[in-house]
Amino acid sequence: MLRLALRQSTSGCSRLEPTSLQPAAFRGPDGQQQSFRAHRRPFRRALHPPSVKSAHLRRPQQAHHLGALTFMRMTSAGEGPSAPSHRHTNRLAHERSPYLLQHAHNPVDWYPWGQDAFEKAKKEDKPIFLSVGYSTCHWCHVMERESFEDDEIGKILSDNFVCIKLDREERPDVDKVYMTFVQATSGGGGWPMSVWLTPDLRPFIGGTYFPPRDQGRRPGFKTVLTRIMDQWRNNRSALESSGERIIEALKKGTAVSANPGESPPLAPDVANHCLQQLTGSYEEEYGGFRDAPKFPTPVNLMFLMSYWCVNRSTSDGAEALQMALHTLRMMALGGIHDHVAQGFHRYSTDSSWHVPHFEKMLYDQAQLAVAYITASQVSGEQLFADVAKDILRYVSRDLSDESGGFYSAEDADSVPASGGAEKREGAFCVWTASEVRELLPDVVEGAAGSATQADVLMHHYGVKEQGNVAPEQDPHGELQGQNVLIVRYSAELTAAHFGISLEKVNELLASARARMGEVRKHRPRPHLDSKMLASWNGLVLSAYARVGAVLGDKVLLERAVQAGNFLKEHLWDAERKTILRSCYRGDDMEVQQISPPISGFLDDYAFVAGGLLDLYEATLETEWLQWAEELQLRQDELFWDEHGGGYFCSDPSDSTVLLQLKEDQDGAEPSANSVSASNLLRLSHYAGKQEWLHRCERLLAAFGHRLAKAPIALPEMVRALMAQHYTLKQIVICGQRDSPDTTSLLATVNSLFLPHKVLMLTDEDADGFLSQRLPVLSSMRQQGGVATAYVCQDFACSLPVTDPQELRRLLLDGLSENEA
């Protein structure tokens with residue numbers, strides 16, 4: 001039996017722990033499931049293996065050529081020098097995925113995932129080497145530089161395997177299948193993921209990152225390949241039968257289903273259990289749910305604020321709210337928050353949110369914007385609303401395509417402004433004290449000790465002459481002498497320290513940040529993944545719609561409408577009634593599509609439909625509600641499990657996807673089943689379809705065991721379970737959409753966090769979209785010729801109100817009734 005000792009990535013693309021690569025012992029569904037659900041993006045900074053530097057291009061004999069090549073591939077258009085000539089070009093050069101294009105000049109005969117590769121493997125009877133990653137994954141870059149750009153390794157791969165390179169963000173269905181296998185057979189997982197398959201796509205060996213050559217007892221990638229080749233020739237039947245047994249066991253171990261007539265677990269019990277589990281992992285000093293590394297986990301924060309809404313007068317409710325608000329506040333003050341150019345980095349490598357992994361992901365910005373605007377609703381604190389606006393300011397500026405779509409991510413690494421070909425983590429974002437002093441030399445009038453603007457900024461944001469990054473946070477010296485801005489004092493304390501007014505301090509800090517932002521514009525930018533995904537665009541559509549509605553910000557709402565139009569124009573095939581997974585920015589900034597395009601997966605339908613429902617409530621334009629209904633109907637056709645309930649992640653008819661999985665973790669992104677549960681509830685009230693309400697209940701029952709035993713894994717689904725239990729209220733506004741009286745009532749609704757409601761507008765048009773589906777709306781009329789609000793449950797309505805303050809009291813009383 002093949003046993004290859006290696007150190008394996010268990011979280012994202014970097015945490016490396018001892019394990020073994022083996023085709024044998026399946027460790028059982030419980031262990032596999034728990035391990036698989038724990039994988040995250042890279043635990044990067046403090047956890048590098050000692051043998052690998054977090055940089056590019058260390059081989060001196062190839063440094064000049066590969067330096068130019070890597071710089072070209074890892075920058076966005078216009079960021080680097082003109083493209084050099086390449087010694088190698090493979091068929092990935094014809095792809096549009098930024099990740100695949102990064103490998104287009106490897107000396108490896110790469111194929112994209114598809115029939116050409118499958119047929120070649122069968123015809124030549126060769127095993128498949130499947131390499132999976134994404135374009136902003138640090139360890140994917142390392143393995144490319146060390147192994148896939150190595151001519152000797154490239155020849156071994158090309159001569160003995162059919163080599164497939166896959167972007168996990170384009171094909172999450174394939175990624176999930178083989179990550180489940182790797183987790184089950186090794187106890188760990190992450191990216192880059194390396195899996196060897198039979199010609200019929202069944203995995204028999206899997207791992208993650210491999211160093212190129214042997215390092216002591218740790219085998220290198222070349223040795224791994226040689227041993228697999230030997231086993232394929234001499235022990236093939238054992239490999240194949242082992243892989244077959246594991247896949248069959250995984251089919252059973254990953255099954256999620258409900259028996260006919262089974263009910264969901266009781267929502268209050270599940271919610272209380274979820275709160276207990278979150279409380280047990282909560283870190284009190286700085287917030288968050290572990291010591292380090294710390295992830296933002298907006299799904300946890302949204303659950304906590306929803307829990308408070310129905311437990312407002314209890315100590316548990318108060319504790320839930322305190323945990324959420326303290327975490328959001330500390331994150332906003334920390335280095336994970338980009339104080340110069342806005343937005344949030346992927347995670348913090350320390351417990352105080354100070355030194356981040358500098359990658360920025362679109363899905364983080366979307367979910368955090370919603371969490372922060374929700375915090376502003378429940379607390380009334382302007383800080384939270386300001387952060388929500390700043391996040392979307394970053395997205396609008398740096399992640400937006402002129403077509404209306406949104407790009408996927410910005411990398412953590414970039415070339416330092418001081419020069420050199422070697423990229424460094426955070427180089428785009430960090431500052432030396434001398435840079436700050438040179439940029440901000442002006443003496444502040446009236447400040448104690450003739451302090452300069454630099455002195456004020458350095459005091460407030462903890463900038464030190466020797467740098468403010470501890471050595472244990474920077475094992476490879478990439479941030480030596482550098483500073484990550486983190487708020488160390490309140491504006492009031494900074495004002496008192498320098499003997500100036502609070503207004504003056506805020507003015508000085510804003511001016512300083514703006515000047516630093518201008519400097520950063522001239523630094524070499526990190527790589528931009530300009531792929532546009534339907535699912536992540538759906539999440540950010542929700543963010544613009546919800547933040548815009550709460551703030552009454554027309555610019556944000558217009559951007560939300562633009563995003564909705566983009567999705568319909570570029571990622572919706574109206575003829576086939578199919579969402580497309582992705583589209584791409586072309587060389588001339590046009591939107592491009594591959595042929596054939598990738599059809600959407602469950603999360604594309606669910607996240608876009610959820611975004612459209614939020615866009616409807618923000619604009620009250622029924623075209624968005626109508627499209628959401630159409631998407632839900634199509635989602636039901638494609639992904640619903642008639643036997644066990646719930647939705648499969650991908651189309652069950654795709655024979656190349658070996659496992660039909662139902663994602664049961666709300667992680668960096670919410671589970672598409674969690675979002676679908678909420679969508680079904682909301683749409684059942686808009687469309688008057690009891691079928692969707694029953695489908696929601698069946699979905700929740702299918703995940704009932706998971707919800708009862710480990711609700712901390714599904715906080716977003718717990719929110720849906722609570723909404724199903726407490727029953728959504730219908731808030732109906734009768735009036736003309738743009739009239740001042742209607743606007744005042746809508747502003748009242750939007751000022752409150754009401755997690756268990758649907759909002760609709762009726763203008764007494766009997767032929768309208770909503771009136772046709774909900775005949776009861778025809779009985780609702782304006783009172784006294786002014787806009788009127790009705791608050792209903794199952795369309796049994798309270799007395800109509802026309803005064804915004806009366807409406808506010810009515811809505812808050814409704815929250816108290818839920819609590820009772």
# chains A, B, ... in the order shown; residues from 1 in each chain; ligands from 1
call {"tool": "residues_around", "arguments": {"residues": "A:Cys429", "least_positions_apart": "6", "cutoff": "12 Å", "atoms": "only C-alpha atoms", "output": "PyMOL selection string"}}
result
chain A and resi 335-345+355-360+411-417+479+482-485+516-517+519-526
call {"tool": "residues_around", "arguments": {"residues": "A:Gln665", "least_positions_apart": "4", "cutoff": "9 Å", "atoms": "only C-alpha atoms", "output": "ChimeraX atom specification"}}
result
/A:37-38,669-671,674,712-715
call {"tool": "residues_around", "arguments": {"residues": "stretch 234-247 of chain A", "least_positions_apart": "2", "cutoff": "8 Å", "atoms": "only C-alpha atoms", "output": "NGL selection string"}}
result
:A and (23-24 or 26 or 181 or 198 or 202-205 or 230-232 or 249-251 or 658-659)
call {"tool": "select_by_dssp", "arguments": {"residues": "stretch 481-614 of chain A", "states": "strand (DSSP E or B)", "output": "number ranges by chain"}}
result
A: 483, 528-529, 531-533, 572-573, 578-580, 582-585, 591-592, 599
call {"tool": "write_last_selection", "arguments": {"atoms": "C-alpha atoms", "output": "compact mmCIF listing (two decimals), in the first residue's frame"}}
result
# COMPACT_ATOMS: atom_id res chain seq x y z
CA ASN A 483 3.44 48.89 9.89
CA LEU A 528 -6.86 41.03 -9.63
CA ASP A 529 -9.01 37.98 -10.32
CA LYS A 531 -13.59 36.52 -13.14
CA MET A 532 -17.23 37.44 -12.42
CA LEU A 533 -19.22 34.71 -10.65
CA TRP A 572 -28.70 34.47 -17.62
CA ASP A 573 -29.53 32.37 -20.67
CA THR A 578 -30.28 28.77 -17.10
CA ILE A 579 -27.94 30.83 -14.96
CA LEU A 580 -24.35 30.80 -16.18
CA SER A 582 -19.16 32.91 -14.75
CA CYS A 583 -18.04 35.48 -17.28
CA TYR A 584 -14.75 37.28 -17.72
CA ARG A 585 -13.15 40.62 -18.40
CA VAL A 591 -17.33 40.99 -21.02
CA GLN A 592 -16.37 37.61 -22.46
CA SER A 599 -23.99 26.25 -16.30
call {"tool": "residues_around", "arguments": {"residues": "A:Tyr282", "least_positions_apart": "6", "cutoff": "9 Å", "atoms": "only C-alpha atoms", "output": "list in words"}}
result
Gly288, Phe289, Arg290, Asp291 and Met323 of chain A
call {"tool": "write_last_selection", "arguments": {"atoms": "C-alpha atoms", "output": "mmCIF file, in the first residue's frame"}}
result
data_model
loop_
_atom_site.group_PDB
_atom_site.id
_atom_site.type_symbol
_atom_site.label_atom_id
_atom_site.label_comp_id
_atom_site.auth_asym_id
_atom_site.auth_seq_id
_atom_site.Cartn_x
_atom_site.Cartn_y
_atom_site.Cartn_z
ATOM 1 C CA GLY A 288 -14.446 36.592 17.203
ATOM 2 C CA PHE A 289 -14.696 32.863 17.693
ATOM 3 C CA ARG A 290 -11.199 31.518 18.204
ATOM 4 C CA ASP A 291 -7.844 32.837 19.341
ATOM 5 C CA MET A 323 -20.827 39.386 21.086
#
call {"tool": "closest_residue", "arguments": {"among": "A:Ser403, A:Ser779, A:Gln102, A:Ser655", "to": "A:Glu590", "atoms": "only C-alpha atoms"}}
result
A:Ser403
call {"tool": "closest_residue", "arguments": {"among": "A:Phe769, A:Phe118, A:Phe303, A:Phe210", "to": "A:Thr656", "atoms": "only C-alpha atoms"}}
result
A:Phe118
call {"tool": "select_by_dssp", "arguments": {"residues": "stretch 350-551 of chain A", "states": "alpha helix (DSSP H)", "output": "JSON, numbers by chain"}}
result
{"A": [362, 363, 364, 365, 366, 367, 368, 369, 370, 371, 372, 373, 374, 375, 376, 377, 378, 379, 382, 383, 384, 385, 386, 387, 388, 389, 390, 391, 392, 393, 394, 395, 396, 397, 398, 433, 434, 435, 436, 437, 438, 439, 453, 454, 455, 456, 457, 458, 459, 460, 491, 492, 493, 494, 495, 496, 497, 498, 502, 503, 504, 505, 506, 507, 508, 509, 510, 511, 512, 513, 514, 515, 516, 517, 518, 519, 520, 521, 534, 535, 536, 537, 538, 539, 540, 541, 542, 543, 544, 545, 546, 547, 548, 549, 550, 551]}
call {"tool": "write_last_selection", "arguments": {"atoms": "C-alpha atoms", "output": "JSON list (two decimals), in the first residue's frame"}}
result
[["chain", "number", "residue", "atom", "x", "y", "z"],
["A", 362, "LEU", "CA", -15.71, 39.70, -2.92],
["A", 363, "TYR", "CA", -17.89, 37.39, -0.84],
["A", 364, "ASP", "CA", -16.36, 38.76, 2.38],
["A", 365, "GLN", "CA", -17.09, 42.35, 1.38],
["A", 366, "ALA", "CA", -20.69, 41.48, 0.49],
["A", 367, "GLN", "CA", -21.51, 39.66, 3.71],
["A", 368, "LEU", "CA", -19.66, 42.09, 5.97],
["A", 369, "ALA", "CA", -21.43, 45.09, 4.43],
["A", 370, "VAL", "CA", -24.74, 43.45, 5.35],
["A", 371, "ALA", "CA", -23.52, 42.60, 8.86],
["A", 372, "TYR", "CA", -22.34, 46.16, 9.49],
["A", 373, "ILE", "CA", -25.50, 47.81, 8.22],
["A", 374, "THR", "CA", -27.51, 45.40, 10.37],
["A", 375, "ALA", "CA", -25.40, 46.39, 13.39],
["A", 376, "SER", "CA", -26.22, 50.02, 12.64],
["A", 377, "GLN", "CA", -29.93, 49.16, 12.63],
["A", 378, "VAL", "CA", -29.87, 47.37, 15.99],
["A", 379, "SER", "CA", -27.48, 49.75, 17.76],
["A", 382, "GLN", "CA", -22.93, 55.63, 13.10],
["A", 383, "LEU", "CA", -19.60, 53.73, 13.10],
["A", 384, "PHE", "CA", -21.28, 50.61, 11.74],
["A", 385, "ALA", "CA", -23.10, 52.46, 8.95],
["A", 386, "ASP", "CA", -19.86, 54.23, 7.99],
["A", 387, "VAL", "CA", -18.01, 50.92, 7.73],
["A", 388, "ALA", "CA", -20.78, 49.42, 5.58],
["A", 389, "LYS", "CA", -20.54, 52.39, 3.21],
["A", 390, "ASP", "CA", -16.74, 52.18, 3.13],
["A", 391, "ILE", "CA", -16.84, 48.49, 2.19],
["A", 392, "LEU", "CA", -19.05, 49.23, -0.79],
["A", 393, "ARG", "CA", -16.89, 52.23, -1.67],
["A", 394, "TYR", "CA", -13.96, 49.82, -1.99],
["A", 395, "VAL", "CA", -16.01, 47.34, -4.04],
["A", 396, "SER", "CA", -17.27, 50.10, -6.35],
["A", 397, "ARG", "CA", -13.78, 51.43, -6.91],
["A", 398, "ASP", "CA", -11.59, 48.32, -7.07],
["A", 433, "ALA", "CA", 7.51, 55.16, 9.69],
["A", 434, "SER", "CA", 9.84, 57.11, 7.41],
["A", 435, "GLU", "CA", 7.30, 56.89, 4.55],
["A", 436, "VAL", "CA", 4.63, 58.33, 6.81],
["A", 437, "ARG", "CA", 6.87, 61.12, 8.09],
["A", 438, "GLU", "CA", 7.95, 62.07, 4.59],
["A", 439, "LEU", "CA", 4.37, 62.12, 3.34],
["A", 453, "GLN", "CA", 0.33, 65.38, 10.93],
["A", 454, "ALA", "CA", 2.53, 62.27, 10.82],
["A", 455, "ASP", "CA", 2.80, 62.28, 14.61],
["A", 456, "VAL", "CA", -0.98, 62.36, 14.94],
["A", 457, "LEU", "CA", -1.51, 59.52, 12.49],
["A", 458, "MET", "CA", 1.30, 57.39, 13.92],
["A", 459, "HIS", "CA", -0.04, 57.76, 17.46],
["A", 460, "HIS", "CA", -3.62, 56.99, 16.47],
["A", 491, "ALA", "CA", -10.32, 60.00, 18.32],
["A", 492, "GLU", "CA", -11.16, 61.63, 21.66],
["A", 493, "LEU", "CA", -8.01, 60.28, 23.32],
["A", 494, "THR", "CA", -5.87, 61.24, 20.34],
["A", 495, "ALA", "CA", -7.28, 64.77, 20.50],
["A", 496, "ALA", "CA", -6.54, 64.99, 24.22],
["A", 497, "HIS", "CA", -3.00, 63.66, 23.72],
["A", 498, "PHE", "CA", -2.13, 66.42, 21.26],
["A", 502, "LEU", "CA", -11.92, 66.31, 18.18],
["A", 503, "GLU", "CA", -13.05, 67.93, 14.95],
["A", 504, "LYS", "CA", -9.44, 68.78, 14.10],
["A", 505, "VAL", "CA", -8.25, 65.22, 14.76],
["A", 506, "ASN", "CA", -10.91, 63.73, 12.53],
["A", 507, "GLU", "CA", -10.03, 66.23, 9.80],
["A", 508, "LEU", "CA", -6.29, 65.44, 10.10],
["A", 509, "LEU", "CA", -6.80, 61.68, 10.03],
["A", 510, "ALA", "CA", -9.15, 61.84, 7.04],
["A", 511, "SER", "CA", -6.70, 64.06, 5.16],
["A", 512, "ALA", "CA", -3.79, 61.74, 6.00],
["A", 513, "ARG", "CA", -5.65, 58.61, 4.87],
["A", 514, "ALA", "CA", -6.57, 60.33, 1.60],
["A", 515, "ARG", "CA", -2.93, 61.26, 0.91],
["A", 516, "MET", "CA", -1.80, 57.73, 1.75],
["A", 517, "GLY", "CA", -4.45, 56.41, -0.62],
["A", 518, "GLU", "CA", -3.02, 58.54, -3.42],
["A", 519, "VAL", "CA", 0.45, 57.10, -2.75],
["A", 520, "ARG", "CA", -0.90, 53.56, -2.87],
["A", 521, "LYS", "CA", -2.37, 54.20, -6.32],
["A", 534, "ALA", "CA", -23.01, 34.66, -10.53],
["A", 535, "SER", "CA", -23.12, 33.48, -6.92],
["A", 536, "TRP", "CA", -20.77, 36.10, -5.50],
["A", 537, "ASN", "CA", -22.41, 38.79, -7.61],
["A", 538, "GLY", "CA", -25.70, 37.72, -6.05],
["A", 539, "LEU", "CA", -24.24, 38.23, -2.58],
["A", 540, "VAL", "CA", -22.93, 41.69, -3.39],
["A", 541, "LEU", "CA", -26.25, 42.58, -5.04],
["A", 542, "SER", "CA", -27.84, 41.91, -1.64],
["A", 543, "ALA", "CA", -25.26, 44.14, 0.00],
["A", 544, "TYR", "CA", -25.88, 47.15, -2.23],
["A", 545, "ALA", "CA", -29.64, 46.73, -2.01],
["A", 546, "ARG", "CA", -29.74, 46.38, 1.78],
["A", 547, "VAL", "CA", -27.21, 49.07, 2.61],
["A", 548, "GLY", "CA", -28.79, 51.42, 0.08],
["A", 549, "ALA", "CA", -32.27, 50.82, 1.49],
["A", 550, "VAL", "CA", -31.24, 51.38, 5.12],
["A", 551, "LEU", "CA", -29.32, 54.57, 4.33]]
call {"tool": "closest_residue", "arguments": {"among": "A:Pro265, A:Gly814, A:Pro98, A:Gly477", "to": "A:Tyr407", "atoms": "only C-alpha atoms"}}
result
A:Pro98
call {"tool": "atom_distance", "arguments": {"atom1": "atom CA of A:Arg634", "atom2": "atom CA of A:Pro596"}}
result
20.0 Å
